[in-house]
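Okay, structure first, notes after.
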Amino acid sequence: MQSNPLLGRIAWNTLIALLYLFLLAPIIVVFIISFDTRQYLAFPPESFSFGSYVKVFQNVKFISAFWRSLIIGAIVGFVAVSAGMLLSLSLVRHHFRGKAAVNFLILAPFLVPHIVLAVGIMLVIAPLGLLDSYPGIVLAHLGITIPYTVRTITMSLMAVDTRIEEAALVHGASPRMVFWRITLPLVRPGLIAGGVIAFLISFDEATISLFIVSVKASTLPTEIYHYLEYSTDPQIAALSVVLILISVGVVMVVEKLIGLRKAL
């Protein structure tokens with residue numbers, strides 16, 4: 001008995017659609033709840049309004065925390081890319097004693113649960129007097145973002161044909177000129193992708209931030225957490241939708257500029 005290719009294709013597409021629906025169901029529910037007019041979270045909404053979005057943009061604490069998270073994320077993204085580039089160059093282009101150990105240390109944050117990592121980072125920066133400070137939160141976020149930038153930039157460096165750099169050196173270019181004129185432009189997609197990933201991780205990080213900051217240097221995720229301690233209304237759902245749209249917008253910009261496949 002021969003199978004029907006059309007039925008097989010329909011069954012496959014149906015399965016894929018159901019999987020996507022399952023993955024996107026929480027986001028869809030949050031999006032619908034964000035328009036509810038009631039003062040508590042419930043589904044389905046009783047009526048629809050943009051009132052929660054208006055309240056979000058009028059909430060001074062959320063707006064201030066948003067700008068703090070934006071600045072912190074930008075700083076973390078820049079420093080993580082700079083450090084990731086130096087580490088990647090060392091790992092890809094040089095052989096040295098302890099290289100395997102460095103590779104393991106860079107991979108370690110991927111293997112450790114965030115709650116354990118948060119406690120470890122807190123114990124490290126507490127004696128330095130950096131708890132509840134902007135330098136402290138930046139250092140904490142660098143600890144979890146640099147591994148991502150190293151991996152992304154390393155993949156870009158491994159794809160670069162070293163013969164191009166060697167040809168430039170043979171024709172009289174200095175190592176510094178080769179780096180700025182050849183190596184850096186060739187790995188630019190990896191740099192941009194790594195910076196975007198580092199920014200998004202820093203901007204959305206909640207678990208580690210809760211251990212590092214409290215009042216003075218609170219970020220948007222920590223402000224959301226403190227808000228949920230006393231109130232659960234559609235304003236949180238509306239803010240979540242705004243943050244999702246920001247993340248999607250950043251990814252779309254990267255896709256438009258360099259393409260995600262090329263970057264990753």
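Residues in the structure tokens are named by chain (A, B, ... in the order shown) and by number from 1 within that chain; ligands are numbered from 1 in the order shown.
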task = Using only C-alpha atoms, determine which residues lie at most 9 Å from Gly195 of chain A, disregarding the query and same-chain residues fewer than 4 positions distant; provide the list as a count of residues only.
result = 12
ask   = Where does DSSP see alpha helix (DSSP H) in segment 91-256 of chain A, if you list the residues as a ChimeraX atom specification?
value = /A:91-93,99-111,114-125,134-158,162-170,175-178,184-186,188-204,207-212,220-230,234-256
inquiry  = Please determine, counting only C-alpha atoms, which residue among A:Ala25, A:Leu157, A:Met252, A:Val60 has the shortest atom-to-atom distance to Leu220 of chain A.
reply    =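 For Leu220 of chain A, the nearest of the given residues is A:Val60.
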task = Could you tell me which of A:Pro234, A:Arg181, A:Leu89, A:Phe96 comes closest to Pro44 of chain A if we count only C-alpha atoms?
result =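 Ranking A:Pro234, A:Arg181, A:Leu89, A:Phe96 by distance to Pro44 of chain A, first place goes to A:Pro234.
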query = Which residues come within 8 Å of segment 31-38 of chain A, counting only C-alpha atoms, excluding same-chain residues fewer than 4 positions away, as a ChimeraX atom specification?
reply = /A:27,42-53,233-238,241
Go ahead and write the residues just picked, C-alpha atoms, as a compact mmCIF listing (two decimals), in the first residue's frame.
```txt
# COMPACT_ATOMS: atom_id res chain seq x y z
CA ILE A 27 2.83 34.84 24.72
CA ALA A 42 -7.54 36.68 34.48
CA PHE A 43 -8.30 34.91 31.23
CA PRO A 44 -10.32 35.48 29.14
CA PRO A 45 -10.58 39.28 29.45
CA GLU A 46 -13.85 40.83 30.50
CA SER A 47 -13.45 43.81 28.13
CA PHE A 48 -10.69 45.34 26.05
CA SER A 49 -8.83 48.62 26.47
CA PHE A 50 -5.41 50.22 25.95
CA GLY A 51 -5.50 51.53 29.52
CA SER A 52 -2.80 49.17 30.77
CA TYR A 53 -0.37 50.35 28.10
CA ASP A 233 -2.79 43.61 37.16
CA PRO A 234 -2.77 43.75 33.33
CA GLN A 235 -0.13 46.47 33.50
CA ILE A 236 2.48 43.70 33.93
CA ALA A 237 1.11 41.88 30.89
CA ALA A 238 1.26 45.10 28.86
CA VAL A 241 4.30 42.66 25.52
```
query = With only C-alpha atoms as the basis for distance, which of A:Glu255, A:Tyr227, A:Pro135, A:Pro185 is at the shortest distance from Asn59 of chain A?
reply =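 For Asn59 of chain A, the nearest of the candidates is A:Tyr227.
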key: Neighbour list for Pro109 of chain A as a PyMOL selection string, cut-off 9 Å, only C-alpha atoms, skip fewer than 6 positions in-chain   = chain A and resi 117+143-144+147
Take the residues that were just selected and, keeping C-alpha atoms, output them as a PDB file, in the first residue's frame.
```pdb
ATOM      1  CA  LEU A 117      25.636  31.196  39.428  1.00  0.00           C
ATOM      2  CA  GLY A 143      30.028  36.983  33.836  1.00  0.00           C
ATOM      3  CA  ILE A 144      27.070  35.448  32.023  1.00  0.00           C
ATOM      4  CA  PRO A 147      30.700  33.136  27.171  1.00  0.00           C
TER       5      PRO A 147
END
```
key: Neighbour list for Pro127 of chain A as a ChimeraX atom specification, cut-off 12 Å, only C-alpha atoms, skip fewer than 5 positions in-chain   = /A:121-122,136
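Taking atom CA of Lys256 of chain A and atom CA of Ala17 of chain A as the two end points, the separation is 25.6 Å.
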So which residues touch Val250 of chain A within 12 Å, counting only C-alpha atoms, skipping near sequence neighbours fewer than 2 positions away, as a JSON list (two decimals) with N, CA and C atoms, in the first residue's frame?
```json
[["chain", "number", "residue", "atom", "x", "y", "z"],
["A", 192, "ILE", "N", 28.52, 41.73, 15.87],
["A", 192, "ILE", "CA", 27.19, 42.33, 16.03],
["A", 192, "ILE", "C", 26.24, 41.34, 16.70],
["A", 193, "ALA", "N", 26.28, 40.08, 16.25],
["A", 193, "ALA", "CA", 25.41, 39.07, 16.85],
["A", 193, "ALA", "C", 25.74, 38.87, 18.33],
["A", 195, "GLY", "N", 27.15, 41.05, 20.35],
["A", 195, "GLY", "CA", 26.73, 42.24, 21.09],
["A", 195, "GLY", "C", 25.24, 42.27, 21.33],
["A", 196, "VAL", "N", 24.46, 41.88, 20.32],
["A", 196, "VAL", "CA", 23.00, 41.85, 20.48],
["A", 196, "VAL", "C", 22.58, 40.81, 21.50],
["A", 197, "ILE", "N", 23.20, 39.63, 21.44],
["A", 197, "ILE", "CA", 22.87, 38.57, 22.41],
["A", 197, "ILE", "C", 23.22, 39.03, 23.82],
["A", 199, "PHE", "N", 23.45, 42.11, 24.93],
["A", 199, "PHE", "CA", 22.52, 43.18, 25.33],
["A", 199, "PHE", "C", 21.18, 42.60, 25.78],
["A", 200, "LEU", "N", 20.63, 41.67, 25.00],
["A", 200, "LEU", "CA", 19.32, 41.11, 25.32],
["A", 200, "LEU", "C", 19.37, 40.31, 26.62],
["A", 203, "PHE", "N", 19.62, 42.85, 29.42],
["A", 203, "PHE", "CA", 18.39, 43.63, 29.54],
["A", 203, "PHE", "C", 17.29, 42.81, 30.23],
["A", 243, "LEU", "N", 8.18, 44.58, 26.09],
["A", 243, "LEU", "CA", 9.54, 44.02, 26.12],
["A", 243, "LEU", "C", 9.73, 42.97, 25.03],
["A", 244, "ILE", "N", 8.71, 42.17, 24.79],
["A", 244, "ILE", "CA", 8.79, 41.18, 23.72],
["A", 244, "ILE", "C", 8.95, 41.87, 22.37],
["A", 245, "LEU", "N", 8.18, 42.93, 22.17],
["A", 245, "LEU", "CA", 8.27, 43.68, 20.91],
["A", 245, "LEU", "C", 9.64, 44.31, 20.73],
["A", 246, "ILE", "N", 10.23, 44.80, 21.82],
["A", 246, "ILE", "CA", 11.59, 45.37, 21.75],
["A", 246, "ILE", "C", 12.59, 44.30, 21.34],
["A", 247, "SER", "N", 12.50, 43.13, 21.97],
["A", 247, "SER", "CA", 13.42, 42.04, 21.63],
["A", 247, "SER", "C", 13.27, 41.60, 20.18],
["A", 248, "VAL", "N", 12.02, 41.47, 19.73],
["A", 248, "VAL", "CA", 11.76, 41.09, 18.34],
["A", 248, "VAL", "C", 12.28, 42.16, 17.39],
["A", 252, "MET", "N", 15.02, 41.72, 14.44],
["A", 252, "MET", "CA", 14.67, 42.07, 13.06],
["A", 252, "MET", "C", 15.68, 43.05, 12.47],
["A", 253, "VAL", "N", 16.17, 43.98, 13.28],
["A", 253, "VAL", "CA", 17.19, 44.93, 12.80],
["A", 253, "VAL", "C", 18.47, 44.18, 12.43],
["A", 254, "VAL", "N", 18.88, 43.22, 13.28],
["A", 254, "VAL", "CA", 20.07, 42.42, 12.97],
["A", 254, "VAL", "C", 19.85, 41.63, 11.70],
["A", 255, "GLU", "N", 18.68, 41.04, 11.56],
["A", 255, "GLU", "CA", 18.37, 40.27, 10.35],
["A", 255, "GLU", "C", 18.41, 41.16, 9.11],
["A", 256, "LYS", "N", 17.93, 42.38, 9.25],
["A", 256, "LYS", "CA", 17.91, 43.31, 8.12],
["A", 256, "LYS", "C", 19.32, 43.76, 7.75],
["A", 257, "LEU", "N", 20.17, 43.99, 8.74],
["A", 257, "LEU", "CA", 21.51, 44.53, 8.49],
["A", 257, "LEU", "C", 22.48, 43.47, 7.98],
["A", 260, "LEU", "N", 20.64, 36.79, 10.15],
["A", 260, "LEU", "CA", 20.91, 35.97, 11.33],
["A", 260, "LEU", "C", 21.79, 34.76, 10.99]]
```
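Our summary of the geometry notes that atom CA of Thr222 of chain A is positioned 6.8 Å from atom CA of Ser209 of chain A.
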ask   = atom CA of Gly194 of chain A to atom CA of Ile146 of chain A: how many Å, to one decimal?
value = 8.7 Å
message = Here is a test: counting only C-alpha atoms, which residue of A:Asp204, A:Thr219, A:Tyr148, A:Phe57 is nearest to Ala108 of chain A?
response = A:Tyr148
